[in-house]
>>> print(open('upload-v4.csv').read())   # CSV, C-alpha atoms and all ligand atoms
chain,number,residue,atom,x,y,z
A,192,MET,CA,0.0,0.0,0.0
A,193,ARG,CA,1.2,3.5,-0.7
A,194,GLN,CA,2.1,5.6,2.3
A,195,HIS,CA,2.3,9.3,2.3
A,196,TYR,CA,2.4,12.4,4.4
A,197,ALA,CA,0.5,11.7,7.7
A,198,SER,CA,-2.0,13.6,9.6
A,199,THR,CA,-0.7,15.3,12.6
A,200,THR,CA,-1.6,14.9,16.3
A,201,ILE,CA,-3.5,17.5,18.3
A,202,ALA,CA,-0.6,18.1,20.6
A,203,ASN,CA,1.7,18.8,17.7
A,204,SER,CA,-0.9,21.1,16.2
A,205,ILE,CA,-1.3,23.1,19.4
A,206,ARG,CA,2.5,23.4,19.8
A,207,GLN,CA,2.9,24.8,16.3
A,208,VAL,CA,0.1,27.3,16.7
A,209,ILE,CA,1.5,28.5,20.1
A,210,HIS,CA,5.0,28.8,18.7
A,211,ALA,CA,3.7,30.9,15.8
A,212,LEU,CA,1.8,33.2,18.2
A,213,ARG,CA,4.8,33.7,20.4
A,214,SER,CA,7.1,35.0,17.6
A,215,ASP,CA,6.9,38.8,17.6
A,216,ASP,CA,6.7,40.9,14.4
A,217,ASP,CA,10.5,41.5,14.2
A,218,ALA,CA,11.3,37.8,14.6
A,219,LEU,CA,8.7,36.9,12.0
A,220,ALA,CA,10.1,39.5,9.6
A,221,GLU,CA,13.6,38.2,10.2
A,222,ASN,CA,12.6,34.6,9.6
A,223,THR,CA,10.7,35.6,6.5
A,224,ALA,CA,13.7,37.4,5.1
A,225,VAL,CA,15.9,34.4,5.7
A,226,LEU,CA,13.5,32.1,3.9
A,227,ALA,CA,13.0,34.6,1.0
A,228,GLU,CA,16.8,34.8,0.5
A,229,ARG,CA,16.9,31.0,0.1
A,230,ARG,CA,14.0,31.0,-2.4
A,231,ARG,CA,15.8,33.8,-4.3
A,232,ARG,CA,18.9,31.6,-4.4
A,233,ASP,CA,16.8,28.7,-5.7
A,234,GLU,CA,15.2,31.0,-8.3
A,235,ALA,CA,18.7,32.0,-9.5
A,236,ARG,CA,19.8,28.4,-9.8
A,237,ILE,CA,16.7,27.5,-11.9
A,238,ALA,CA,17.1,30.6,-14.1
A,239,ARG,CA,20.7,29.8,-14.8
A,240,ALA,CA,19.7,26.2,-15.8
A,241,LEU,CA,16.9,27.5,-18.0
A,242,GLY,CA,19.1,30.1,-19.5
A,243,ARG,CA,16.5,32.8,-18.9
A,244,GLU,CA,14.8,34.8,-16.2
A,245,LEU,CA,11.8,33.2,-14.4
A,246,LYS,CA,9.2,35.6,-15.8
A,247,GLY,CA,6.1,34.7,-17.8
A,248,LEU,CA,6.6,31.0,-17.3
A,249,ASP,CA,4.3,28.1,-16.3
A,250,VAL,CA,5.4,26.8,-12.9
A,251,LEU,CA,4.1,23.7,-11.1
A,252,ILE,CA,4.7,23.5,-7.3
A,253,ILE,CA,4.2,20.2,-5.5
A,254,GLY,CA,3.3,20.2,-1.8
A,255,PRO,CA,3.2,23.9,-1.1
A,256,GLY,CA,1.6,23.3,2.3
A,257,PRO,CA,-1.0,25.7,3.9
A,258,TYR,CA,1.1,28.9,3.8
A,259,LEU,CA,1.5,28.7,0.0
A,260,VAL,CA,4.9,30.4,0.3
A,261,GLU,CA,6.5,29.0,-2.8
A,262,PRO,CA,3.5,29.5,-5.1
A,263,ARG,CA,3.2,33.1,-4.0
A,264,PHE,CA,6.9,33.7,-4.3
A,265,PHE,CA,7.1,32.3,-7.9
A,266,GLY,CA,3.7,33.8,-8.6
A,267,ARG,CA,5.2,37.3,-8.5
A,268,HIS,CA,6.1,36.9,-12.2
A,269,ASN,CA,4.8,33.5,-13.4
A,270,ASP,CA,1.6,31.5,-13.8
A,271,VAL,CA,1.7,29.0,-10.9
A,272,THR,CA,-0.3,25.8,-10.4
A,273,ALA,CA,0.1,24.0,-7.0
A,274,ILE,CA,-0.8,20.5,-6.1
A,275,ASP,CA,-1.0,19.2,-2.6
A,276,LEU,CA,-2.3,16.0,-1.0
A,277,ASP,CA,-3.9,18.0,1.7
A,278,VAL,CA,-7.0,20.1,1.5
A,279,ILE,CA,-5.8,23.8,1.8
A,280,PRO,CA,-8.9,25.8,2.7
A,281,ARG,CA,-8.9,29.5,1.7
A,282,GLY,CA,-11.3,31.9,3.4
A,283,PHE,CA,-14.0,30.6,5.8
A,284,ALA,CA,-16.4,28.6,3.6
A,285,PRO,CA,-17.1,25.5,5.8
A,286,GLY,CA,-17.0,22.8,3.1
A,287,PRO,CA,-13.2,22.5,2.8
A,288,TYR,CA,-12.8,22.4,6.6
A,289,PHE,CA,-15.2,19.5,6.9
A,290,GLN,CA,-13.4,17.7,4.1
A,291,MET,CA,-10.1,18.3,5.9
A,292,LEU,CA,-11.5,16.9,9.2
A,293,ARG,CA,-12.7,13.8,7.3
A,294,GLN,CA,-9.5,13.3,5.3
A,295,ASN,CA,-6.7,14.6,7.7
A,296,GLY,CA,-8.2,14.0,11.1
A,297,LEU,CA,-8.7,16.2,14.1
A,298,GLY,CA,-5.1,17.2,14.6
A,299,ARG,CA,-4.7,18.9,11.2
A,300,PHE,CA,-8.2,20.4,11.5
A,301,VAL,CA,-7.4,22.0,14.9
A,302,LYS,CA,-4.1,23.4,13.6
A,303,THR,CA,-5.7,25.0,10.5
A,304,VAL,CA,-8.7,26.4,12.3
A,305,GLY,CA,-6.5,27.7,15.1
A,306,ARG,CA,-4.1,29.4,12.7
A,307,LYS,CA,-7.0,31.1,10.8
A,308,VAL,CA,-9.0,32.1,13.9
A,309,LEU,CA,-5.9,33.4,15.7
A,310,GLY,CA,-4.6,35.3,12.7
A,311,VAL,CA,-1.4,33.3,12.2
A,312,ASP,CA,-2.0,32.9,8.5
A,313,ARG,CA,-2.9,36.5,8.0
A,314,ARG,CA,0.3,37.7,9.9
A,315,ASN,CA,2.4,35.3,7.9
A,316,ALA,CA,0.9,36.4,4.6
A,317,ARG,CA,1.5,40.1,5.5
A,318,ALA,CA,5.1,39.4,6.4
A,319,TRP,CA,5.7,37.8,3.0
A,320,GLN,CA,3.9,40.8,1.3
A,321,ARG,CA,6.3,43.2,3.0
A,322,GLU,CA,9.3,41.0,2.2
A,323,LEU,CA,8.3,40.7,-1.5
A,324,GLY,CA,7.2,44.3,-1.8
A,325,VAL,CA,3.7,43.3,-3.1
A,326,GLU,CA,0.3,44.7,-2.0
A,327,ARG,CA,-1.5,41.4,-2.7
A,328,HIS,CA,-0.2,37.9,-3.2
A,329,ALA,CA,-0.6,36.3,-6.6
A,330,GLU,CA,-2.7,33.2,-5.6
A,331,PRO,CA,-1.9,29.9,-7.4
A,332,ARG,CA,-4.3,27.6,-9.2
A,333,LEU,CA,-4.7,25.1,-6.3
A,334,ILE,CA,-5.3,21.4,-7.0
A,335,GLN,CA,-5.9,18.9,-4.2
A,336,GLY,CA,-4.2,15.7,-5.5
A,337,ASP,CA,-1.3,13.3,-5.3
A,338,ILE,CA,1.7,13.6,-7.6
A,339,LEU,CA,2.0,9.8,-7.3
A,340,LYS,CA,-1.2,9.5,-9.3
A,341,GLY,CA,0.1,11.6,-12.1
A,342,PRO,CA,0.8,15.3,-13.1
A,343,PRO,CA,-2.0,17.8,-13.5
A,344,ARG,CA,-1.0,18.2,-17.1
A,345,GLU,CA,1.7,16.7,-19.3
A,346,ASN,CA,4.3,18.7,-21.3
A,347,ALA,CA,2.9,21.9,-19.9
A,348,TYR,CA,5.3,23.5,-17.4
A,349,ASP,CA,8.7,25.2,-17.7
A,350,VAL,CA,9.5,24.5,-14.0
A,351,VAL,CA,8.3,21.8,-11.7
A,352,ALA,CA,9.6,22.2,-8.1
A,353,CYS,CA,9.0,21.2,-4.5
A,354,TRP,CA,10.5,22.0,-1.1
A,355,SER,CA,10.5,19.6,1.8
A,356,VAL,CA,8.1,17.1,0.2
A,357,PHE,CA,10.2,14.2,-1.2
A,358,GLN,CA,11.2,12.9,2.2
A,359,HIS,CA,7.5,12.2,2.8
A,360,ILE,CA,6.9,10.4,-0.5
A,361,ALA,CA,6.8,6.6,-0.5
A,362,GLU,CA,7.7,6.2,-4.2
A,363,PRO,CA,10.2,9.0,-5.1
A,364,ALA,CA,11.0,7.4,-8.5
A,365,LEU,CA,7.3,7.5,-9.5
A,366,ALA,CA,7.0,11.1,-8.4
A,367,ILE,CA,10.1,12.0,-10.5
A,368,ARG,CA,8.6,10.2,-13.5
A,369,HIS,CA,5.4,12.2,-13.2
A,370,MET,CA,7.3,15.5,-12.7
A,371,LYS,CA,9.3,14.8,-15.9
A,372,ALA,CA,6.1,14.1,-17.8
A,373,ALA,CA,4.7,17.5,-16.6
A,374,LEU,CA,7.8,19.3,-18.0
A,375,ARG,CA,8.2,20.8,-21.4
A,376,PRO,CA,11.4,20.0,-23.2
A,377,GLY,CA,14.2,22.3,-21.9
A,378,GLY,CA,12.3,22.7,-18.6
A,379,VAL,CA,13.7,22.3,-15.1
A,380,ILE,CA,12.9,20.1,-12.1
A,381,TYR,CA,14.1,21.5,-8.7
A,382,ILE,CA,13.7,19.4,-5.6
A,383,ALA,CA,14.7,20.4,-2.0
A,384,ILE,CA,14.9,17.6,0.5
A,385,HIS,CA,15.2,17.8,4.3
A,386,LEU,CA,17.7,14.9,4.7
A,387,TYR,CA,16.7,12.1,7.0
A,388,THR,CA,20.2,11.6,8.3
A,389,SER,CA,20.6,15.3,9.3
A,390,ASN,CA,20.3,16.2,13.0
A,391,THR,CA,16.6,17.3,12.5
A,392,GLY,CA,15.7,14.7,9.9
A,393,HIS,CA,13.4,13.0,12.4
A,394,HIS,CA,10.7,15.8,12.0
A,395,ASP,CA,10.0,15.9,15.7
A,396,MET,CA,8.2,19.2,16.0
A,397,ARG,CA,10.2,20.2,19.1
A,398,ALA,CA,13.2,20.8,16.9
A,399,PHE,CA,11.3,23.5,14.9
A,400,THR,CA,9.3,25.1,17.7
A,401,GLY,CA,11.8,26.2,20.2
A,402,GLY,CA,12.3,22.8,21.9
A,403,ALA,CA,15.5,21.6,20.2
A,404,ASP,CA,17.3,21.4,23.6
A,405,LYS,CA,14.8,18.7,24.7
A,406,LEU,CA,16.1,16.4,22.0
A,407,PRO,CA,19.5,14.6,22.0
A,408,PRO,CA,21.7,15.0,18.9
A,409,TRP,CA,20.7,12.8,15.9
A,410,PRO,CA,18.2,11.0,18.2
A,411,HIS,CA,16.5,9.1,15.4
A,412,LEU,CA,19.7,7.4,14.2
A,413,ARG,CA,20.9,6.2,17.6
A,414,GLU,CA,19.7,3.0,19.2
A,415,SER,CA,20.1,4.6,22.7
A,416,THR,CA,17.8,7.6,21.8
A,417,LYS,CA,15.3,6.4,19.1
A,418,GLY,CA,12.6,5.9,21.7
A,419,GLU,CA,12.6,9.7,22.5
A,420,VAL,CA,11.6,10.8,19.0
A,421,ASN,CA,8.0,11.7,18.1
A,422,SER,CA,8.0,12.4,14.4
A,423,SER,CA,5.2,14.7,13.2
A,424,ALA,CA,4.9,13.1,9.8
A,425,TRP,CA,5.7,9.9,7.9
A,426,ILE,CA,9.2,9.9,6.5
A,427,ASN,CA,10.7,7.5,3.9
A,428,LYS,CA,14.1,7.5,5.6
A,429,TRP,CA,16.1,7.7,2.4
A,430,ARG,CA,19.8,8.5,2.6
A,431,LEU,CA,21.9,10.7,0.4
A,432,ARG,CA,23.1,7.6,-1.5
A,433,ASP,CA,19.5,6.5,-2.1
A,434,TRP,CA,18.6,9.8,-3.7
A,435,ARG,CA,21.7,9.9,-5.8
A,436,ALA,CA,21.1,6.3,-7.1
A,437,MET,CA,17.4,7.0,-7.9
A,438,LEU,CA,18.3,10.2,-9.7
A,439,ASN,CA,21.2,8.7,-11.6
A,440,GLU,CA,18.7,6.3,-13.1
A,441,HIS,CA,15.7,8.6,-13.6
A,442,ALA,CA,17.3,12.1,-14.0
A,443,PRO,CA,20.9,11.4,-15.3
A,444,GLY,CA,23.1,14.5,-15.3
A,445,PHE,CA,21.3,16.1,-12.3
A,446,GLU,CA,23.1,18.8,-10.3
A,447,GLU,CA,23.3,18.6,-6.5
A,448,TYR,CA,23.7,21.3,-3.9
A,449,ARG,CA,24.1,20.6,-0.2
A,450,GLN,CA,23.3,23.0,2.6
A,451,ILE,CA,25.0,22.8,6.0
A,452,TYR,CA,23.6,25.6,8.3
A,453,ASP,CA,26.0,25.8,11.2
A,454,GLU,CA,28.9,23.4,10.8
A,455,PRO,CA,30.9,24.4,13.9
A,456,ALA,CA,27.8,23.9,16.1
A,457,GLU,CA,26.9,20.6,14.5
A,458,ARG,CA,30.4,19.4,14.9
A,459,ARG,CA,30.4,20.3,18.6
A,460,LEU,CA,27.3,18.0,19.0
A,461,LEU,CA,29.2,15.1,17.4
A,462,THR,CA,31.2,14.1,20.5
A,463,PRO,CA,33.4,11.0,20.2
A,464,GLU,CA,30.8,8.9,21.9
A,465,ILE,CA,28.0,10.0,19.6
A,466,ARG,CA,30.2,9.8,16.5
A,467,ALA,CA,31.0,6.2,17.5
A,468,GLU,CA,27.3,5.4,17.8
A,469,LEU,CA,26.7,6.9,14.4
A,470,ALA,CA,29.6,4.9,12.8
A,471,GLY,CA,27.3,3.6,10.0
A,472,PHE,CA,26.8,7.2,8.7
A,473,ASP,CA,29.4,9.5,7.0
A,474,GLU,CA,30.0,13.1,7.9
A,475,GLU,CA,28.5,14.5,4.7
A,476,GLU,CA,25.1,12.9,5.4
A,477,LEU,CA,25.1,13.8,9.1
A,478,LEU,CA,26.1,17.5,8.6
A,479,THR,CA,24.0,18.3,5.5
A,480,THR,CA,20.5,19.4,6.5
A,481,ASP,CA,19.0,20.2,3.1
A,482,VAL,CA,19.9,18.8,-0.3
A,483,TYR,CA,18.8,20.2,-3.6
A,484,PHE,CA,18.6,18.5,-6.9
A,485,LEU,CA,18.2,20.2,-10.3
A,486,TRP,CA,17.6,18.5,-13.6
A,487,LYS,CA,17.0,19.9,-17.1
A,488,LYS,CA,14.8,18.0,-19.5
A,489,PRO,CA,16.6,17.4,-22.8
A,490,VAL,CA,15.2,19.3,-25.7
A,491,SER,CA,15.0,16.4,-28.1
A,501,LIG,C1,6.6,19.4,5.0
A,501,LIG,S1,5.3,20.0,4.0
A,501,LIG,C2,6.2,21.2,3.1
A,501,LIG,C3,5.4,22.5,2.8
A,501,LIG,C4,6.2,23.6,2.0
A,501,LIG,N1,6.6,23.1,0.7
A,501,LIG,C5,7.4,24.0,2.9
A,501,LIG,O1,8.5,23.7,2.5
A,501,LIG,O2,7.2,24.6,3.9
A,501,LIG,C6,5.0,18.7,2.9
A,501,LIG,C7,3.8,19.0,2.0
A,501,LIG,O3,3.8,18.0,0.9
A,501,LIG,C8,2.5,17.6,0.7
A,501,LIG,N2,2.6,16.2,0.1
A,501,LIG,C9,3.2,15.1,0.6
A,501,LIG,N3,3.1,14.1,-0.3
A,501,LIG,C10,2.5,14.5,-1.4
A,501,LIG,C11,2.1,14.0,-2.6
A,501,LIG,N4,2.3,12.7,-2.9
A,501,LIG,N5,1.5,14.7,-3.6
A,501,LIG,C12,1.3,16.1,-3.3
A,501,LIG,N6,1.6,16.7,-2.2
A,501,LIG,C13,2.2,15.9,-1.2
A,501,LIG,C14,1.9,17.5,2.1
A,501,LIG,O4,0.5,17.5,2.1
A,501,LIG,C15,2.5,18.8,2.7
A,501,LIG,O5,1.6,19.9,2.5
>>> encode(input="upload-v4.csv", output="structure tokens")
Amino acid sequence: MRQHYASTTIANSIRQVIHALRSDDDALAENTAVLAERRRRDEARIARALGRELKGLDVLIIGPGPYLVEPRFFGRHNDVTAIDLDVIPRGFAPGPYFQMLRQNGLGRFVKTVGRKVLGVDRRNARAWQRELGVERHAEPRLIQGDILKGPPRENAYDVVACWSVFQHIAEPALAIRHMKAALRPGGVIYIAIHLYTSNTGHHDMRAFTGGADKLPPWPHLRESTKGEVNSSAWINKWRLRDWRAMLNEHAPGFEEYRQIYDEPAERRLLTPEIRAELAGFDEEELLTTDVYFLWKKPVS
């Protein structure tokens, strides 16, 4: 049976909403600026591979999540379609919320309604408007669907991209095949993956909501600490070598970029005892948090 991104628990949902409410405007603006800088860097990589600016193009984003950050970012200058497994309600019409409750369970429902009612989504959208210098966001064409079932359209997009989705996909090779089918010749696939073997590859919400100190280093990879991890989503546990092998087969000639965020701090966590426990992993896969793969579809 195919497995995919899981519904979240109520405890995780409440934790995320509280964390978002606690961050003040300056912290939110700072965080948004950091994320926007990363997306500008990604945009530049894609533009270089395409050999042209990302303007007036057809872009497909997979798994944008509820904040729609990437579709809005690329929607500044392009026509964006976004496909997500989850229902992403916009506004307050009740239908999509009930559909979400049925499909994703109470945890996701509580998080979404909490974010809307408490204004988290609105604040976030405004922070991005300020950062991008736009009065209104360009909203994408939103499709609820599964990329594993096929692309929305074939041979129709100049760019097909996703951030932090592939580690939640049970059949990455099938997703790549569908992304390739969606692309026009000369188009570009761009995939950002939060690496399972990184210190935060476990997706325990505490690591992202101010509770990192409650988690031991690389807890999910160590026999002695595995039991302390509470992942907030299903993860396929692929390692760097698995991604490379799959892409060598399905996207030969791909480019790879690795992101280490704070190498000295990460190395301090790797004490000799912990390093010994992690002997089955190399330093590259332990220290890299995000890995990005880019592939250009041949023209003929
Ligand atoms: C961790 S979130 C990432 C959200 C956003 N891209 C970001 O980086 O913040 C993963 C998203 O991928 C979506 N997703 C997972 N598997 C998918 C699939 N097979 N097809 C479409 N979307 C999927 C999930 O519903 C979720 O919204």
>>> residues_around(input="upload-v4.csv", residues="Asp216 of chain A", least_positions_apart="5", cutoff="12 Å", atoms="all atoms listed in the file", output="short mmCIF file (atom, residue, chain, number, x, y, z; two decimals) with C-alpha atoms, in the coordinates of the input")
data_model
loop_
_atom_site.label_atom_id
_atom_site.label_comp_id
_atom_site.auth_asym_id
_atom_site.auth_seq_id
_atom_site.Cartn_x
_atom_site.Cartn_y
_atom_site.Cartn_z
CA ALA A 211 3.70 30.90 15.80
CA GLU A 221 13.60 38.20 10.20
CA ASN A 222 12.60 34.60 9.60
CA THR A 223 10.70 35.60 6.50
CA VAL A 311 -1.40 33.30 12.20
CA ARG A 314 0.30 37.70 9.90
CA ASN A 315 2.40 35.30 7.90
CA ARG A 317 1.50 40.10 5.50
CA ALA A 318 5.10 39.40 6.40
CA TRP A 319 5.70 37.80 3.00
CA ARG A 321 6.30 43.20 3.00
#
>>> closest_atom_pairs(input="upload-v4.csv", of="chain A", to="ligand LIG 501 (chain A)", cutoff="6 Å", atoms="all atoms listed in the file", output="tab-separated table")
residue	atom	partner	partner_atom	distance
A:His195	CA	A:LIG501	N3	5.5
A:Tyr196	CA	A:LIG501	C9	4.7
A:Ile253	CA	A:LIG501	N6	5.5
A:Gly254	CA	A:LIG501	O3	3.5
A:Pro255	CA	A:LIG501	N1	3.9
A:Gly256	CA	A:LIG501	O5	3.4
A:Ile274	CA	A:LIG501	C12	5.6
A:Asp275	CA	A:LIG501	N6	3.6
A:Leu276	CA	A:LIG501	N6	4.1
A:Asp277	CA	A:LIG501	O4	4.4
A:Gly336	CA	A:LIG501	C12	5.9
A:Asp337	CA	A:LIG501	N5	3.6
A:Ile338	CA	A:LIG501	N5	4.2
A:Leu339	CA	A:LIG501	N4	5.3
A:Trp354	CA	A:LIG501	N1	4.4
A:Ser355	CA	A:LIG501	O1	4.6
A:Val356	CA	A:LIG501	C6	4.4
A:His359	CA	A:LIG501	C9	5.6
A:Ile360	CA	A:LIG501	N3	5.3
>>> closest_residue(input="upload-v4.csv", among="A:Gly282, A:Thr303, A:Asp453, A:Lys488", to="Ile367 of chain A", atoms="all atoms listed in the file")
A:Lys488
>>> closest_residue(input="upload-v4.csv", among="A:Val379, A:Val490, A:Leu226, A:Val271", to="Ala329 of chain A", atoms="all atoms listed in the file")
A:Val271
>>> atom_distance(input="upload-v4.csv", atom1="atom CA of Gln335 of chain A", atom2="atom CA of Pro287 of chain A")
10.7 Å
>>> closest_residue(input="upload-v4.csv", among="A:Gly377, A:Gly418, A:Pro262, A:Gly392", to="Cys353 of chain A", atoms="only C-alpha atoms")
A:Pro262
>>> closest_atom_pairs(input="upload-v4.csv", of="segment 346-450 of chain A", to="segment 233-238 of chain A", cutoff="9 Å", atoms="all atoms listed in the file", output="Markdown table")
| residue | atom | partner | partner_atom | distance |
| --- | --- | --- | --- | --- |
| A:Val350 | CA | A:Ile237 | CA | 8.1 |
| A:Val379 | CA | A:Ile237 | CA | 6.8 |
| A:Ile380 | CA | A:Ile237 | CA | 8.3 |
| A:Tyr381 | CA | A:Ile237 | CA | 7.3 |
>>> atom_distance(input="upload-v4.csv", atom1="atom CA of Tyr348 of chain A", atom2="atom CA of His328 of chain A")
21.0 Å
>>> atom_distance(input="upload-v4.csv", atom1="atom CA of Thr479 of chain A", atom2="atom CA of Thr391 of chain A")
10.2 Å
>>> closest_residue(input="upload-v4.csv", among="A:Glu440, A:Ile451, A:Arg375, A:Glu474", to="Leu241 of chain A", atoms="only C-alpha atoms")
A:Arg375
>>> residues_around(input="upload-v4.csv", residues="Gln207 of chain A", least_positions_apart="3", cutoff="9 Å", atoms="all atoms listed in the file", output="JSON, numbers by chain")
{"A": [202, 203, 204, 210, 211, 212, 302, 396, 399, 400]}
>>> closest_residue(input="upload-v4.csv", among="A:Leu248, A:Leu374, A:Ala240, A:Ala364", to="Val351 of chain A", atoms="all atoms listed in the file")
A:Leu374
>>> closest_residue(input="upload-v4.csv", among="A:Gly401, A:Asn390, A:Ala456, A:Glu446", to="Val420 of chain A", atoms="all atoms listed in the file")
A:Asn390
